[in-house]
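Text of the file run_5.cif, holding mmCIF, C-alpha atoms and all ligand atoms:
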```cif
data_input
loop_
_atom_site.label_atom_id
_atom_site.label_comp_id
_atom_site.auth_asym_id
_atom_site.auth_seq_id
_atom_site.Cartn_x
_atom_site.Cartn_y
_atom_site.Cartn_z
CA MET F 1 0.00 0.00 0.00
CA SER F 2 1.33 3.40 -1.01
CA ASN F 3 1.33 6.46 1.19
CA LEU F 4 0.42 8.84 -1.66
CA THR F 5 -2.88 9.71 -3.30
CA PHE F 6 -4.19 12.34 -5.69
CA GLY F 7 -7.06 14.72 -4.97
CA ILE F 8 -8.92 17.60 -6.59
CA ILE F 9 -10.95 20.36 -4.97
CA LYS F 10 -13.43 20.57 -7.84
CA PRO F 11 -14.68 23.78 -9.53
CA ASP F 12 -17.98 23.85 -7.56
CA ALA F 13 -16.16 23.94 -4.21
CA VAL F 14 -13.59 26.52 -5.38
CA ARG F 15 -16.41 28.70 -6.82
CA LYS F 16 -18.29 28.59 -3.50
CA GLY F 17 -15.19 29.66 -1.54
CA HIS F 18 -14.68 26.33 0.24
CA THR F 19 -11.01 25.83 -0.70
CA GLY F 20 -9.55 27.01 2.60
CA LYS F 21 -12.01 25.04 4.73
CA ILE F 22 -11.30 21.85 2.77
CA ILE F 23 -7.52 22.29 3.05
CA ASP F 24 -7.92 22.86 6.81
CA LYS F 25 -9.80 19.56 7.11
CA ILE F 26 -7.19 17.73 5.03
CA LEU F 27 -4.42 18.92 7.37
CA ALA F 28 -6.50 18.26 10.51
CA ASP F 29 -7.01 14.69 9.29
CA GLY F 30 -3.24 14.15 9.30
CA PHE F 31 -2.40 14.41 5.60
CA ARG F 32 0.82 16.03 4.47
CA ILE F 33 0.45 18.11 1.31
CA ARG F 34 3.23 17.11 -1.11
CA GLY F 35 1.90 19.00 -4.14
CA MET F 36 -0.76 21.71 -4.58
CA LYS F 37 -1.73 24.15 -7.32
CA LEU F 38 -4.69 26.09 -8.70
CA ILE F 39 -5.37 25.28 -12.36
CA HIS F 40 -8.15 25.83 -14.91
CA GLN F 41 -8.40 22.71 -17.08
CA THR F 42 -9.31 22.74 -20.74
CA ILE F 43 -12.06 20.32 -21.73
CA LYS F 44 -9.43 18.23 -23.57
CA ASN F 45 -7.39 17.93 -20.38
CA ALA F 46 -10.50 16.87 -18.40
CA GLU F 47 -11.40 14.32 -21.11
CA GLY F 48 -7.92 12.82 -20.82
CA PHE F 49 -8.10 12.68 -17.06
CA TYR F 50 -11.52 10.98 -17.02
CA ALA F 51 -10.90 8.75 -20.07
CA VAL F 52 -11.95 5.63 -18.09
CA HIS F 53 -15.45 7.17 -17.85
CA SER F 54 -15.72 8.03 -21.57
CA GLU F 55 -18.50 5.48 -22.18
CA ARG F 56 -20.60 6.61 -19.20
CA PRO F 57 -23.70 8.72 -19.92
CA PHE F 58 -22.50 11.59 -17.71
CA PHE F 59 -19.08 11.96 -19.43
CA GLY F 60 -20.00 15.18 -21.31
CA GLU F 61 -21.52 16.76 -18.21
CA LEU F 62 -18.52 15.71 -16.10
CA THR F 63 -15.81 17.04 -18.43
CA GLU F 64 -17.71 20.32 -18.98
CA PHE F 65 -18.07 20.74 -15.24
CA MET F 66 -14.41 19.93 -14.53
CA SER F 67 -13.31 22.56 -17.06
CA SER F 68 -15.90 25.16 -15.97
CA GLY F 69 -13.56 26.99 -13.59
CA PRO F 70 -10.44 26.76 -11.47
CA CYS F 71 -9.78 23.70 -9.33
CA VAL F 72 -7.05 22.77 -6.86
CA VAL F 73 -5.01 19.64 -7.57
CA LEU F 74 -3.32 17.91 -4.65
CA ALA F 75 -0.75 15.21 -4.00
CA LEU F 76 -1.50 13.93 -0.50
CA GLU F 77 0.57 11.78 1.81
CA LYS F 78 -0.71 9.67 4.68
CA GLU F 79 -0.47 6.03 5.70
CA ASN F 80 -2.82 4.05 3.45
CA ALA F 81 -3.50 7.31 1.60
CA VAL F 82 -5.98 6.15 -1.07
CA LYS F 83 -8.45 4.74 1.47
CA ALA F 84 -7.84 7.50 4.02
CA TRP F 85 -8.63 10.21 1.45
CA ARG F 86 -11.72 8.40 0.12
CA ASP F 87 -12.93 8.02 3.73
CA LEU F 88 -12.53 11.77 4.30
CA MET F 89 -14.28 12.56 0.97
CA GLY F 90 -17.34 10.37 1.60
CA ALA F 91 -19.64 8.65 -0.90
CA THR F 92 -19.83 9.88 -4.52
CA ASN F 93 -23.49 10.82 -4.00
CA PRO F 94 -23.65 13.42 -1.20
CA ALA F 95 -27.08 12.08 -0.23
CA GLU F 96 -25.28 8.88 0.81
CA ALA F 97 -22.19 10.53 2.32
CA ALA F 98 -21.57 10.02 6.04
CA GLU F 99 -21.61 12.81 8.61
CA GLY F 100 -18.24 14.52 8.89
CA THR F 101 -17.17 13.81 5.30
CA LEU F 102 -16.26 16.54 2.81
CA ARG F 103 -18.98 15.55 0.35
CA LYS F 104 -21.62 15.57 3.10
CA GLU F 105 -20.61 19.12 4.01
CA PHE F 106 -19.67 20.66 0.66
CA ALA F 107 -21.15 18.66 -2.26
CA GLY F 108 -24.33 19.83 -3.99
CA SER F 109 -25.07 16.80 -6.18
CA ILE F 110 -23.67 13.48 -7.43
CA GLY F 111 -22.06 15.32 -10.36
CA GLU F 112 -20.85 18.47 -8.61
CA ASN F 113 -19.49 16.74 -5.55
CA ALA F 114 -16.69 19.01 -4.32
CA VAL F 115 -13.73 16.62 -4.40
CA HIS F 116 -12.01 13.88 -6.39
CA GLY F 117 -9.87 11.07 -5.05
CA SER F 118 -7.92 8.25 -6.69
CA ASP F 119 -9.40 4.76 -6.40
CA SER F 120 -6.14 2.74 -6.29
CA ASP F 121 -2.40 3.15 -5.71
CA GLU F 122 -1.81 2.56 -9.41
CA ASN F 123 -4.24 5.29 -10.47
CA ALA F 124 -2.90 7.63 -7.78
CA ALA F 125 0.56 7.44 -9.37
CA ILE F 126 -0.88 7.97 -12.88
CA GLU F 127 -3.04 10.91 -11.75
CA ILE F 128 -0.21 12.64 -9.81
CA ALA F 129 1.99 12.34 -12.92
CA TYR F 130 -0.85 13.73 -15.10
CA PHE F 131 -0.83 17.04 -13.21
CA PHE F 132 2.53 17.47 -11.46
CA SER F 133 6.12 17.70 -12.60
CA LYS F 134 8.87 16.38 -10.30
CA LEU F 135 9.78 19.93 -9.22
CA GLU F 136 6.21 20.51 -8.05
CA LEU F 137 6.29 17.57 -5.64
CA VAL F 138 8.08 18.32 -2.40
P1 LIG F 201 -15.78 8.93 -7.38
O1 LIG F 201 -15.47 10.38 -7.74
O2 LIG F 201 -16.42 8.84 -6.02
O3 LIG F 201 -14.59 8.02 -7.53
P2 LIG F 201 -16.79 7.82 -9.90
O4 LIG F 201 -15.38 7.47 -10.20
O5 LIG F 201 -17.82 6.75 -10.00
O6 LIG F 201 -16.91 8.45 -8.41
O7 LIG F 201 -17.27 9.00 -10.84
C1 LIG F 201 -16.40 10.06 -11.17
C2 LIG F 201 -17.14 11.36 -11.09
O8 LIG F 201 -18.16 11.38 -12.08
C3 LIG F 201 -17.91 11.61 -9.77
O9 LIG F 201 -17.10 12.11 -8.72
C4 LIG F 201 -18.95 12.62 -10.23
O10 LIG F 201 -18.39 13.93 -10.35
C5 LIG F 201 -19.29 12.11 -11.62
N1 LIG F 201 -20.44 11.20 -11.57
C6 LIG F 201 -20.48 9.93 -11.11
N2 LIG F 201 -21.71 9.39 -11.22
C7 LIG F 201 -22.50 10.35 -11.79
C8 LIG F 201 -23.86 10.42 -12.18
N3 LIG F 201 -24.69 9.39 -12.00
N4 LIG F 201 -24.31 11.58 -12.73
C9 LIG F 201 -23.48 12.64 -12.93
N5 LIG F 201 -22.16 12.64 -12.59
C10 LIG F 201 -21.68 11.52 -12.02
MG MG F 202 -13.55 7.45 -9.21
#
```
Show how you would write the structure in this file as structure tokens.
Amino acid sequence: MSNLTFGIIKPDAVRKGHTGKIIDKILADGFRIRGMKLIHQTIKNAEGFYAVHSERPFFGELTEFMSSGPCVVLALEKENAVKAWRDLMGATNPAEAAEGTLRKEFAGSIGENAVHGSDSDENAAIEIAYFFSKLELV
């Protein structure tokens, strides 16, 4: 199990001014931030990132949303990081997200759900490399 995962504070949460509160909660939960930057993705970039979802009916909606405004990309370190970050995020659908999770507190819908997290160590490494150069990882 790796100690690194990849996260995004999605455009809905940045737009609503929740960036600082989410970063506070990440630090309070014991993560170390190894990489962090504010970016505004093109739709092509979002399509590349979510290529595994290209056959799903919500792909157009998802890539439009992810390129609709700035987001914060994060490389996060903690023991068992992938699971720890998904636990802090909560369920994809905020209606099913547990009390105390980021999606319970900040997500508006299943599509615009405040945060992204990798689903495996392998994808975490791919996703970190998609957004960060070596110099941007400390
Ligand atoms: P997660 O982000 O929890 O890993 P998925 O990998 O299944 O969830 O989906 C990726 C993203 O696609 C979700 O975070 C959400 O933004 C969007 N999404 C998932 N399911 C739906 C849906 N039924 N309708 C609209 N958007 C969705
Ligand atoms: Mg996923």
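For the set F:Ile8, F:Ile22, F:Val73, F:Ile43, the residue with the smallest atom-to-atom gap to ligand LIG 201 (chain F) is F:Ile8, counting all atoms listed in the file.
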9 Å contact set for segment 80-82 of chain F, all atoms listed in the file, chain neighbours under 3 positions out, as number ranges by chain: F: 1-6, 31, 76-77, 85-87, 117-121, 124
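Nearest-residue note for His40 of chain F: choosing from F:Glu79, F:Glu96, F:Glu55, F:Glu64, the minimum distance belongs to F:Glu64, counting all atoms listed in the file.
Distances here use only C-alpha atoms and all ligand atoms; by that measure, the residue among F:Ala98, F:Ala129, F:Val138, F:Val115 closest to ligand LIG 201 (chain F) is F:Val115.
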Using only C-alpha atoms and all ligand atoms, find each residue of chain F with at least one atom at most 6 Å away from an atom of ligand LIG 201 (chain F); report its shortest atom-to-atom pair and that distance in Å (one decimal), sort the rows by chain and rising residue number, and return the result as JSON lines.
```
{"residue": "F:Phe58", "atom": "CA", "partner": "F:LIG201", "partner_atom": "C9", "distance": 5.0}
{"residue": "F:Leu62", "atom": "CA", "partner": "F:LIG201", "partner_atom": "C5", "distance": 5.8}
{"residue": "F:Thr92", "atom": "CA", "partner": "F:LIG201", "partner_atom": "O2", "distance": 3.9}
{"residue": "F:Ile110", "atom": "CA", "partner": "F:LIG201", "partner_atom": "C10", "distance": 5.4}
{"residue": "F:Gly111", "atom": "CA", "partner": "F:LIG201", "partner_atom": "N5", "distance": 3.5}
{"residue": "F:Glu112", "atom": "CA", "partner": "F:LIG201", "partner_atom": "O10", "distance": 5.4}
{"residue": "F:Asn113", "atom": "CA", "partner": "F:LIG201", "partner_atom": "O10", "distance": 5.7}
{"residue": "F:His116", "atom": "CA", "partner": "F:LIG201", "partner_atom": "O1", "distance": 5.1}
```
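In this structure, atom CA of Gly69 of chain F sits 9.3 Å away from atom CA of Thr42 of chain F.
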Spatial neighbours of Thr19 of chain F, max dist 12 Å, all atoms listed in the file, sep filter under 3 positions, as a PyMOL selection string: chain F and resi 8-16+22-26+36-38+70-74+102+106+114-115
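Of the residues under consideration (F:Gly17, F:Gly30, F:Gly100, F:Gly90), F:Gly90 shows the shortest atom-to-atom contact distance to ligand MG 202 (chain F) when counting all atoms listed in the file.
The spacing separating atom CA of Pro57 of chain F from atom CA of Gly7 of chain F amounts to 23.2 Å.
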Write out N, CA and C atoms for segment 68-94 of chain F, as a JSON list (two decimals), in the frame of the given file.
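Dumped everything to selection32.json:
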```
[["chain", "number", "residue", "atom", "x", "y", "z"],
["F", 68, "SER", "N", -15.05, 23.96, -16.08],
["F", 68, "SER", "CA", -15.90, 25.16, -15.97],
["F", 68, "SER", "C", -15.28, 26.26, -15.12],
["F", 69, "GLY", "N", -14.18, 25.97, -14.44],
["F", 69, "GLY", "CA", -13.56, 26.99, -13.59],
["F", 69, "GLY", "C", -12.34, 26.41, -12.93],
["F", 70, "PRO", "N", -11.66, 27.24, -12.13],
["F", 70, "PRO", "CA", -10.44, 26.76, -11.47],
["F", 70, "PRO", "C", -10.72, 25.61, -10.49],
["F", 71, "CYS", "N", -9.73, 24.74, -10.35],
["F", 71, "CYS", "CA", -9.78, 23.70, -9.33],
["F", 71, "CYS", "C", -8.40, 23.61, -8.70],
["F", 72, "VAL", "N", -8.33, 22.94, -7.55],
["F", 72, "VAL", "CA", -7.05, 22.77, -6.86],
["F", 72, "VAL", "C", -6.66, 21.30, -6.93],
["F", 73, "VAL", "N", -5.50, 21.02, -7.51],
["F", 73, "VAL", "CA", -5.01, 19.64, -7.57],
["F", 73, "VAL", "C", -4.01, 19.41, -6.45],
["F", 74, "LEU", "N", -4.06, 18.21, -5.88],
["F", 74, "LEU", "CA", -3.32, 17.91, -4.65],
["F", 74, "LEU", "C", -2.64, 16.55, -4.72],
["F", 75, "ALA", "N", -1.41, 16.49, -4.27],
["F", 75, "ALA", "CA", -0.75, 15.21, -4.00],
["F", 75, "ALA", "C", -0.68, 15.09, -2.48],
["F", 76, "LEU", "N", -1.31, 14.05, -1.95],
["F", 76, "LEU", "CA", -1.50, 13.93, -0.50],
["F", 76, "LEU", "C", -0.79, 12.70, 0.05],
["F", 77, "GLU", "N", -0.15, 12.89, 1.18],
["F", 77, "GLU", "CA", 0.57, 11.78, 1.81],
["F", 77, "GLU", "C", -0.02, 11.46, 3.18],
["F", 78, "LYS", "N", -0.27, 10.19, 3.38],
["F", 78, "LYS", "CA", -0.71, 9.67, 4.68],
["F", 78, "LYS", "C", -0.58, 8.15, 4.60],
["F", 79, "GLU", "N", -0.48, 7.49, 5.72],
["F", 79, "GLU", "CA", -0.47, 6.03, 5.70],
["F", 79, "GLU", "C", -1.77, 5.54, 5.05],
["F", 80, "ASN", "N", -1.64, 4.58, 4.13],
["F", 80, "ASN", "CA", -2.82, 4.05, 3.45],
["F", 80, "ASN", "C", -3.65, 5.19, 2.82],
["F", 81, "ALA", "N", -2.96, 6.03, 2.04],
["F", 81, "ALA", "CA", -3.50, 7.31, 1.60],
["F", 81, "ALA", "C", -4.77, 7.21, 0.75],
["F", 82, "VAL", "N", -4.82, 6.24, -0.17],
["F", 82, "VAL", "CA", -5.98, 6.15, -1.07],
["F", 82, "VAL", "C", -7.26, 5.96, -0.26],
["F", 83, "LYS", "N", -7.25, 5.01, 0.66],
["F", 83, "LYS", "CA", -8.45, 4.74, 1.47],
["F", 83, "LYS", "C", -8.72, 5.90, 2.44],
["F", 84, "ALA", "N", -7.66, 6.42, 3.05],
["F", 84, "ALA", "CA", -7.84, 7.50, 4.02],
["F", 84, "ALA", "C", -8.49, 8.72, 3.37],
["F", 85, "TRP", "N", -8.07, 9.03, 2.15],
["F", 85, "TRP", "CA", -8.63, 10.21, 1.45],
["F", 85, "TRP", "C", -10.06, 9.93, 0.99],
["F", 86, "ARG", "N", -10.34, 8.71, 0.52],
["F", 86, "ARG", "CA", -11.72, 8.40, 0.12],
["F", 86, "ARG", "C", -12.64, 8.41, 1.35],
["F", 87, "ASP", "N", -12.13, 7.96, 2.49],
["F", 87, "ASP", "CA", -12.93, 8.02, 3.73],
["F", 87, "ASP", "C", -13.26, 9.46, 4.09],
["F", 88, "LEU", "N", -12.28, 10.36, 3.97],
["F", 88, "LEU", "CA", -12.53, 11.77, 4.30],
["F", 88, "LEU", "C", -13.48, 12.40, 3.28],
["F", 89, "MET", "N", -13.38, 12.00, 2.00],
["F", 89, "MET", "CA", -14.28, 12.56, 0.97],
["F", 89, "MET", "C", -15.72, 12.16, 1.19],
["F", 90, "GLY", "N", -15.97, 10.89, 1.50],
["F", 90, "GLY", "CA", -17.34, 10.37, 1.60],
["F", 90, "GLY", "C", -17.85, 9.83, 0.28],
["F", 91, "ALA", "N", -19.07, 9.30, 0.28],
["F", 91, "ALA", "CA", -19.64, 8.65, -0.90],
["F", 91, "ALA", "C", -19.78, 9.63, -2.07],
["F", 92, "THR", "N", -19.70, 9.08, -3.29],
["F", 92, "THR", "CA", -19.83, 9.88, -4.52],
["F", 92, "THR", "C", -21.10, 10.73, -4.50],
["F", 93, "ASN", "N", -22.20, 10.11, -4.10],
["F", 93, "ASN", "CA", -23.49, 10.82, -4.00],
["F", 93, "ASN", "C", -23.60, 11.45, -2.62],
["F", 94, "PRO", "N", -23.63, 12.78, -2.53],
["F", 94, "PRO", "CA", -23.65, 13.42, -1.20],
["F", 94, "PRO", "C", -24.85, 12.99, -0.34]]
```
